[in-house]
>>> print(open('model17.pdb').read())   # PDB, N, CA, C and O atoms
MODEL        1
ATOM      1  N   MET A   1      22.356 245.272 140.935
ATOM      2  CA  MET A   1      23.716 245.230 140.453
ATOM      3  C   MET A   1      24.321 246.634 140.589
ATOM      4  O   MET A   1      23.683 247.624 140.287
ATOM      5  N   SER A   2      25.551 246.677 141.030
ATOM      6  CA  SER A   2      26.195 247.959 141.227
ATOM      7  C   SER A   2      26.610 248.575 139.895
ATOM      8  O   SER A   2      26.770 247.888 138.889
ATOM      9  N   PHE A   3      26.791 249.871 139.948
ATOM     10  CA  PHE A   3      27.220 250.598 138.757
ATOM     11  C   PHE A   3      28.569 250.083 138.272
ATOM     12  O   PHE A   3      28.808 249.956 137.075
ATOM     13  N   ARG A   4      29.445 249.745 139.207
ATOM     14  CA  ARG A   4      30.768 249.216 138.860
ATOM     15  C   ARG A   4      30.641 247.898 138.092
ATOM     16  O   ARG A   4      31.338 247.672 137.111
ATOM     17  N   ASN A   5      29.734 247.039 138.520
ATOM     18  CA  ASN A   5      29.520 245.768 137.819
ATOM     19  C   ASN A   5      28.956 245.987 136.418
ATOM     20  O   ASN A   5      29.310 245.266 135.486
ATOM     21  N   GLU A   6      28.093 246.974 136.282
ATOM     22  CA  GLU A   6      27.548 247.294 134.962
ATOM     23  C   GLU A   6      28.659 247.778 134.039
ATOM     24  O   GLU A   6      28.693 247.399 132.856
ATOM     25  N   ILE A   7      29.552 248.601 134.559
ATOM     26  CA  ILE A   7      30.678 249.083 133.753
ATOM     27  C   ILE A   7      31.576 247.911 133.370
ATOM     28  O   ILE A   7      32.036 247.822 132.228
ATOM     29  N   ALA A   8      31.823 247.003 134.294
ATOM     30  CA  ALA A   8      32.672 245.836 134.008
ATOM     31  C   ALA A   8      32.063 244.995 132.893
ATOM     32  O   ALA A   8      32.780 244.533 131.990
ATOM     33  N   LYS A   9      30.753 244.800 132.917
ATOM     34  CA  LYS A   9      30.085 244.037 131.864
ATOM     35  C   LYS A   9      30.181 244.758 130.523
ATOM     36  O   LYS A   9      30.381 244.129 129.477
ATOM     37  N   GLU A  10      30.037 246.069 130.543
ATOM     38  CA  GLU A  10      30.148 246.851 129.310
ATOM     39  C   GLU A  10      31.569 246.784 128.759
ATOM     40  O   GLU A  10      31.766 246.654 127.544
ATOM     41  N   ILE A  11      32.557 246.844 129.632
ATOM     42  CA  ILE A  11      33.957 246.720 129.208
ATOM     43  C   ILE A  11      34.171 245.368 128.537
ATOM     44  O   ILE A  11      34.776 245.287 127.461
ATOM     45  N   GLU A  12      33.665 244.323 129.143
ATOM     46  CA  GLU A  12      33.807 242.984 128.574
ATOM     47  C   GLU A  12      33.123 242.882 127.210
ATOM     48  O   GLU A  12      33.671 242.302 126.265
ATOM     49  N   ALA A  13      31.949 243.473 127.086
ATOM     50  CA  ALA A  13      31.214 243.439 125.821
ATOM     51  C   ALA A  13      31.974 244.196 124.731
ATOM     52  O   ALA A  13      32.051 243.733 123.587
ATOM     53  N   ILE A  14      32.552 245.328 125.079
ATOM     54  CA  ILE A  14      33.303 246.109 124.090
ATOM     55  C   ILE A  14      34.562 245.368 123.680
ATOM     56  O   ILE A  14      34.921 245.344 122.493
ATOM     57  N   GLU A  15      35.242 244.739 124.627
ATOM     58  CA  GLU A  15      36.451 243.973 124.286
ATOM     59  C   GLU A  15      36.115 242.823 123.339
ATOM     60  O   GLU A  15      36.851 242.557 122.391
ATOM     61  N   THR A  16      35.001 242.152 123.580
ATOM     62  CA  THR A  16      34.552 241.071 122.708
ATOM     63  C   THR A  16      34.215 241.612 121.323
ATOM     64  O   THR A  16      34.602 241.029 120.307
ATOM     65  N   ARG A  17      33.517 242.722 121.283
ATOM     66  CA  ARG A  17      33.142 243.335 120.006
ATOM     67  C   ARG A  17      34.386 243.756 119.228
ATOM     68  O   ARG A  17      34.479 243.576 118.012
ATOM     69  N   LYS A  18      35.361 244.322 119.944
ATOM     70  CA  LYS A  18      36.601 244.760 119.298
ATOM     71  C   LYS A  18      37.334 243.576 118.668
ATOM     72  O   LYS A  18      37.820 243.669 117.537
ATOM     73  N   LYS A  19      37.397 242.457 119.375
ATOM     74  CA  LYS A  19      38.047 241.265 118.827
ATOM     75  C   LYS A  19      37.328 240.793 117.561
ATOM     76  O   LYS A  19      37.963 240.390 116.591
ATOM     77  N   ASP A  20      36.005 240.866 117.572
ATOM     78  CA  ASP A  20      35.222 240.472 116.408
ATOM     79  C   ASP A  20      35.524 241.380 115.212
ATOM     80  O   ASP A  20      35.728 240.897 114.091
ATOM     81  N   VAL A  21      35.575 242.666 115.446
ATOM     82  CA  VAL A  21      35.852 243.617 114.368
ATOM     83  C   VAL A  21      37.278 243.440 113.859
ATOM     84  O   VAL A  21      37.525 243.490 112.647
ATOM     85  N   GLU A  22      38.220 243.194 114.756
ATOM     86  CA  GLU A  22      39.600 242.943 114.338
ATOM     87  C   GLU A  22      39.696 241.678 113.490
ATOM     88  O   GLU A  22      40.459 241.638 112.518
ATOM     89  N   SER A  23      38.904 240.677 113.834
ATOM     90  CA  SER A  23      38.878 239.447 113.029
ATOM     91  C   SER A  23      38.340 239.722 111.633
ATOM     92  O   SER A  23      38.849 239.188 110.642
ATOM     93  N   ARG A  24      37.329 240.552 111.547
ATOM     94  CA  ARG A  24      36.778 240.922 110.239
ATOM     95  C   ARG A  24      37.817 241.679 109.421
ATOM     96  O   ARG A  24      37.940 241.468 108.219
ATOM     97  N   LEU A  25      38.558 242.552 110.083
ATOM     98  CA  LEU A  25      39.598 243.306 109.388
ATOM     99  C   LEU A  25      40.696 242.373 108.891
ATOM    100  O   LEU A  25      41.148 242.492 107.750
ATOM    101  N   ASP A  26      41.101 241.429 109.731
ATOM    102  CA  ASP A  26      42.094 240.433 109.309
ATOM    103  C   ASP A  26      41.589 239.635 108.108
ATOM    104  O   ASP A  26      42.344 239.359 107.164
ATOM    105  N   TYR A  27      40.319 239.266 108.132
ATOM    106  CA  TYR A  27      39.717 238.526 107.020
ATOM    107  C   TYR A  27      39.800 239.345 105.731
ATOM    108  O   TYR A  27      40.134 238.815 104.665
ATOM    109  N   MET A  28      39.508 240.638 105.857
ATOM    110  CA  MET A  28      39.571 241.511 104.678
ATOM    111  C   MET A  28      40.991 241.535 104.110
ATOM    112  O   MET A  28      41.175 241.427 102.895
ATOM    113  N   PHE A  29      41.993 241.666 104.971
ATOM    114  CA  PHE A  29      43.381 241.707 104.517
ATOM    115  C   PHE A  29      43.820 240.381 103.900
ATOM    116  O   PHE A  29      44.583 240.370 102.936
ATOM    117  N   ASP A  30      43.334 239.290 104.458
ATOM    118  CA  ASP A  30      43.742 237.970 103.979
ATOM    119  C   ASP A  30      43.067 237.551 102.672
ATOM    120  O   ASP A  30      43.629 236.760 101.914
ATOM    121  N   ASN A  31      41.872 238.055 102.413
ATOM    122  CA  ASN A  31      41.083 237.536 101.296
ATOM    123  C   ASN A  31      40.789 238.521 100.166
ATOM    124  O   ASN A  31      40.187 238.128  99.167
ATOM    125  N   PHE A  32      41.178 239.766 100.321
ATOM    126  CA  PHE A  32      40.877 240.755  99.292
ATOM    127  C   PHE A  32      42.111 241.605  99.011
ATOM    128  O   PHE A  32      43.030 241.665  99.812
ATOM    129  N   THR A  33      42.076 242.254  97.877
ATOM    130  CA  THR A  33      43.146 243.196  97.529
ATOM    131  C   THR A  33      42.554 244.605  97.528
ATOM    132  O   THR A  33      41.330 244.774  97.403
ATOM    133  N   PRO A  34      43.393 245.627  97.652
ATOM    134  CA  PRO A  34      42.877 247.001  97.639
ATOM    135  C   PRO A  34      42.142 247.352  96.342
ATOM    136  O   PRO A  34      41.315 248.262  96.340
ATOM    137  N   GLU A  35      42.411 246.624  95.283
ATOM    138  CA  GLU A  35      41.757 246.911  94.010
ATOM    139  C   GLU A  35      40.320 246.391  93.954
ATOM    140  O   GLU A  35      39.537 246.796  93.094
ATOM    141  N   ASP A  36      39.956 245.462  94.844
ATOM    142  CA  ASP A  36      38.584 244.937  94.854
ATOM    143  C   ASP A  36      37.606 246.052  95.242
ATOM    144  O   ASP A  36      37.918 246.921  96.058
ATOM    145  N   ASP A  37      36.418 245.993  94.639
ATOM    146  CA  ASP A  37      35.401 247.021  94.892
ATOM    147  C   ASP A  37      35.016 247.097  96.368
ATOM    148  O   ASP A  37      34.680 246.083  96.990
ATOM    149  N   GLY A  38      35.090 248.290  96.915
ATOM    150  CA  GLY A  38      34.618 248.542  98.269
ATOM    151  C   GLY A  38      35.545 248.121  99.388
ATOM    152  O   GLY A  38      35.237 248.352 100.549
ATOM    153  N   VAL A  39      36.661 247.522  99.060
ATOM    154  CA  VAL A  39      37.556 247.008 100.102
ATOM    155  C   VAL A  39      38.164 248.141 100.920
ATOM    156  O   VAL A  39      38.177 248.093 102.148
ATOM    157  N   MET A  40      38.666 249.148 100.248
ATOM    158  CA  MET A  40      39.302 250.247 100.977
ATOM    159  C   MET A  40      38.307 250.952 101.899
ATOM    160  O   MET A  40      38.644 251.295 103.031
ATOM    161  N   GLU A  41      37.087 251.138 101.423
ATOM    162  CA  GLU A  41      36.063 251.775 102.249
ATOM    163  C   GLU A  41      35.737 250.914 103.461
ATOM    164  O   GLU A  41      35.586 251.420 104.573
ATOM    165  N   ALA A  42      35.639 249.608 103.244
ATOM    166  CA  ALA A  42      35.339 248.694 104.348
ATOM    167  C   ALA A  42      36.468 248.679 105.370
ATOM    168  O   ALA A  42      36.227 248.710 106.577
ATOM    169  N   VAL A  43      37.700 248.665 104.891
ATOM    170  CA  VAL A  43      38.857 248.662 105.798
ATOM    171  C   VAL A  43      38.893 249.955 106.603
ATOM    172  O   VAL A  43      39.125 249.931 107.818
ATOM    173  N   MET A  44      38.653 251.072 105.953
ATOM    174  CA  MET A  44      38.650 252.360 106.657
ATOM    175  C   MET A  44      37.533 252.402 107.697
ATOM    176  O   MET A  44      37.735 252.860 108.823
ATOM    177  N   SER A  45      36.372 251.912 107.330
ATOM    178  CA  SER A  45      35.237 251.903 108.246
ATOM    179  C   SER A  45      35.520 251.025 109.467
ATOM    180  O   SER A  45      35.265 251.431 110.610
ATOM    181  N   LEU A  46      36.039 249.829 109.233
ATOM    182  CA  LEU A  46      36.362 248.935 110.344
ATOM    183  C   LEU A  46      37.459 249.526 111.230
ATOM    184  O   LEU A  46      37.392 249.431 112.455
ATOM    185  N   SER A  47      38.444 250.155 110.619
ATOM    186  CA  SER A  47      39.530 250.769 111.378
ATOM    187  C   SER A  47      39.018 251.906 112.255
ATOM    188  O   SER A  47      39.405 252.030 113.428
ATOM    189  N   GLU A  48      38.145 252.730 111.704
ATOM    190  CA  GLU A  48      37.553 253.822 112.483
ATOM    191  C   GLU A  48      36.713 253.276 113.635
ATOM    192  O   GLU A  48      36.728 253.822 114.741
ATOM    193  N   TYR A  49      36.001 252.205 113.381
ATOM    194  CA  TYR A  49      35.179 251.590 114.420
ATOM    195  C   TYR A  49      36.059 251.065 115.559
ATOM    196  O   TYR A  49      35.726 251.239 116.735
ATOM    197  N   ILE A  50      37.185 250.467 115.221
ATOM    198  CA  ILE A  50      38.115 249.975 116.241
ATOM    199  C   ILE A  50      38.640 251.134 117.084
ATOM    200  O   ILE A  50      38.719 251.036 118.312
ATOM    201  N   VAL A  51      38.977 252.240 116.438
ATOM    202  CA  VAL A  51      39.464 253.418 117.172
ATOM    203  C   VAL A  51      38.376 253.922 118.123
ATOM    204  O   VAL A  51      38.650 254.236 119.290
ATOM    205  N   ASN A  52      37.136 253.979 117.653
ATOM    206  CA  ASN A  52      36.030 254.423 118.504
ATOM    207  C   ASN A  52      35.825 253.476 119.682
ATOM    208  O   ASN A  52      35.568 253.928 120.815
ATOM    209  N   LEU A  53      35.917 252.181 119.427
ATOM    210  CA  LEU A  53      35.781 251.212 120.514
ATOM    211  C   LEU A  53      36.905 251.378 121.530
ATOM    212  O   LEU A  53      36.662 251.308 122.743
ATOM    213  N   ASP A  54      38.123 251.613 121.054
ATOM    214  CA  ASP A  54      39.258 251.837 121.952
ATOM    215  C   ASP A  54      39.029 253.060 122.840
ATOM    216  O   ASP A  54      39.298 253.025 124.038
ATOM    217  N   GLU A  55      38.534 254.137 122.252
ATOM    218  CA  GLU A  55      38.282 255.359 123.018
ATOM    219  C   GLU A  55      37.225 255.114 124.092
ATOM    220  O   GLU A  55      37.393 255.521 125.247
ATOM    221  N   LYS A  56      36.156 254.449 123.707
ATOM    222  CA  LYS A  56      35.089 254.159 124.662
ATOM    223  C   LYS A  56      35.604 253.229 125.760
ATOM    224  O   LYS A  56      35.319 253.422 126.946
ATOM    225  N   LEU A  57      36.387 252.238 125.378
ATOM    226  CA  LEU A  57      36.953 251.285 126.326
ATOM    227  C   LEU A  57      37.855 251.997 127.334
ATOM    228  O   LEU A  57      37.763 251.746 128.545
ATOM    229  N   ASN A  58      38.699 252.881 126.852
ATOM    230  CA  ASN A  58      39.590 253.613 127.753
ATOM    231  C   ASN A  58      38.819 254.477 128.736
ATOM    232  O   ASN A  58      39.166 254.539 129.922
ATOM    233  N   LYS A  59      37.772 255.135 128.276
ATOM    234  CA  LYS A  59      36.948 255.966 129.161
ATOM    235  C   LYS A  59      36.249 255.118 130.219
ATOM    236  O   LYS A  59      36.189 255.492 131.395
ATOM    237  N   LEU A  60      35.715 253.981 129.798
ATOM    238  CA  LEU A  60      35.035 253.105 130.752
ATOM    239  C   LEU A  60      36.013 252.530 131.774
ATOM    240  O   LEU A  60      35.696 252.441 132.965
ATOM    241  N   LYS A  61      37.199 252.139 131.325
ATOM    242  CA  LYS A  61      38.204 251.612 132.257
ATOM    243  C   LYS A  61      38.629 252.684 133.258
ATOM    244  O   LYS A  61      38.803 252.393 134.446
ATOM    245  N   GLU A  62      38.777 253.898 132.786
ATOM    246  CA  GLU A  62      39.141 255.001 133.669
ATOM    247  C   GLU A  62      38.063 255.209 134.734
ATOM    248  O   GLU A  62      38.355 255.347 135.920
ATOM    249  N   THR A  63      36.810 255.196 134.296
ATOM    250  CA  THR A  63      35.692 255.343 135.232
ATOM    251  C   THR A  63      35.646 254.178 136.208
ATOM    252  O   THR A  63      35.449 254.364 137.410
ATOM    253  N   PHE A  64      35.833 252.960 135.690
ATOM    254  CA  PHE A  64      35.809 251.782 136.541
ATOM    255  C   PHE A  64      36.845 251.891 137.654
ATOM    256  O   PHE A  64      36.543 251.635 138.824
ATOM    257  N   TRP A  65      38.065 252.262 137.301
ATOM    258  CA  TRP A  65      39.137 252.305 138.311
ATOM    259  C   TRP A  65      38.931 253.451 139.290
ATOM    260  O   TRP A  65      39.397 253.369 140.432
ATOM    261  N   LYS A  66      38.221 254.478 138.906
ATOM    262  CA  LYS A  66      37.884 255.557 139.861
ATOM    263  C   LYS A  66      36.891 255.049 140.900
ATOM    264  O   LYS A  66      36.867 255.551 142.033
ATOM    265  N   LEU A  67      36.058 254.093 140.506
ATOM    266  CA  LEU A  67      35.038 253.559 141.410
ATOM    267  C   LEU A  67      35.558 252.475 142.335
ATOM    268  O   LEU A  67      34.920 252.137 143.327
ATOM    269  N   VAL A  68      36.715 251.915 142.006
ATOM    270  CA  VAL A  68      37.252 250.794 142.811
ATOM    271  C   VAL A  68      37.865 251.303 144.072
ATOM    272  O   VAL A  68      38.313 252.278 144.340
TER     273      VAL A  68
ENDMDL
END
>>> encode(input="model17.pdb", output="structure tokens")
Amino acid sequence: MSFRNEIAKEIEAIETRKKDVESRLDYMFDNFTPEDDGVMEAVMSLSEYIVNLDEKLNKLKETFWKLV
């Protein structure tokens, strides 16, 4: 398998993971209030994770398009 194909698979995996984390964040907003124990910490953690996934995704996409 070519390096480009490996990057494409990784991009797809990160996009899937990001959607999953966004769904968890939506669930938190829909079912909890900021006053509930640990909610704010969980929301901050999930938000930071989404930002990290976005950064990694952008770097991989940039690399992918350089290889095309």
>>> atom_distance(input="model17.pdb", atom1="atom CA of A:Ile50", atom2="atom CA of A:Glu22")
7.4 Å
>>> resolve_selection(input="model17.pdb", expression="the PyMOL selection byres (((chain A and resi 67 and name CA) around 12) and name CA)", output="list of chain:residue names")
A:Ser2, A:Phe3, A:Arg4, A:Asn5, A:Glu6, A:Ile7, A:Ala8, A:Leu60, A:Lys61, A:Glu62, A:Thr63, A:Phe64, A:Trp65, A:Lys66, A:Val68
>>> atom_distance(input="model17.pdb", atom1="atom O of A:Tyr27", atom2="atom CA of A:Lys9")
29.5 Å
>>> closest_residue(input="model17.pdb", among="A:Phe29, A:Leu57, A:Asp20, A:Ile14", to="A:Met44", atoms="only C-alpha atoms")
A:Phe29
>>> closest_residue(input="model17.pdb", among="A:Thr16, A:Glu10, A:Asn31, A:Arg24", to="A:Val43", atoms="only C-alpha atoms")
A:Arg24
>>> atom_distance(input="model17.pdb", atom1="atom N of A:Tyr49", atom2="atom N of A:Phe32")
18.8 Å
>>> residues_around(input="model17.pdb", residues="A:Met28", least_positions_apart="5", cutoff="8 Å", atoms="only N, CA, C and O atoms", output="PyMOL selection string")
chain A and resi 21-23+33-34+39+42-43
>>> write_last_selection(input="model17.pdb", atoms="N, CA, C and O atoms", output="PDB file, in the coordinates of the input")
ATOM      1  N   VAL A  21      35.575 242.666 115.446  1.00  0.00           N
ATOM      2  CA  VAL A  21      35.852 243.617 114.368  1.00  0.00           C
ATOM      3  C   VAL A  21      37.278 243.440 113.859  1.00  0.00           C
ATOM      4  O   VAL A  21      37.525 243.490 112.647  1.00  0.00           O
ATOM      5  N   GLU A  22      38.220 243.194 114.756  1.00  0.00           N
ATOM      6  CA  GLU A  22      39.600 242.943 114.338  1.00  0.00           C
ATOM      7  C   GLU A  22      39.696 241.678 113.490  1.00  0.00           C
ATOM      8  O   GLU A  22      40.459 241.638 112.518  1.00  0.00           O
ATOM      9  N   SER A  23      38.904 240.677 113.834  1.00  0.00           N
ATOM     10  CA  SER A  23      38.878 239.447 113.029  1.00  0.00           C
ATOM     11  C   SER A  23      38.340 239.722 111.633  1.00  0.00           C
ATOM     12  O   SER A  23      38.849 239.188 110.642  1.00  0.00           O
ATOM     13  N   THR A  33      42.076 242.254  97.877  1.00  0.00           N
ATOM     14  CA  THR A  33      43.146 243.196  97.529  1.00  0.00           C
ATOM     15  C   THR A  33      42.554 244.605  97.528  1.00  0.00           C
ATOM     16  O   THR A  33      41.330 244.774  97.403  1.00  0.00           O
ATOM     17  N   PRO A  34      43.393 245.627  97.652  1.00  0.00           N
ATOM     18  CA  PRO A  34      42.877 247.001  97.639  1.00  0.00           C
ATOM     19  C   PRO A  34      42.142 247.352  96.342  1.00  0.00           C
ATOM     20  O   PRO A  34      41.315 248.262  96.340  1.00  0.00           O
ATOM     21  N   VAL A  39      36.661 247.522  99.060  1.00  0.00           N
ATOM     22  CA  VAL A  39      37.556 247.008 100.102  1.00  0.00           C
ATOM     23  C   VAL A  39      38.164 248.141 100.920  1.00  0.00           C
ATOM     24  O   VAL A  39      38.177 248.093 102.148  1.00  0.00           O
ATOM     25  N   ALA A  42      35.639 249.608 103.244  1.00  0.00           N
ATOM     26  CA  ALA A  42      35.339 248.694 104.348  1.00  0.00           C
ATOM     27  C   ALA A  42      36.468 248.679 105.370  1.00  0.00           C
ATOM     28  O   ALA A  42      36.227 248.710 106.577  1.00  0.00           O
ATOM     29  N   VAL A  43      37.700 248.665 104.891  1.00  0.00           N
ATOM     30  CA  VAL A  43      38.857 248.662 105.798  1.00  0.00           C
ATOM     31  C   VAL A  43      38.893 249.955 106.603  1.00  0.00           C
ATOM     32  O   VAL A  43      39.125 249.931 107.818  1.00  0.00           O
TER      33      VAL A  43
END
>>> residues_around(input="model17.pdb", residues="A:Leu53", least_positions_apart="5", cutoff="9 Å", atoms="only C-alpha atoms", output="list in words")
Ile14, Glu15, Arg17, Lys18, Glu48 and Asn58 of chain A
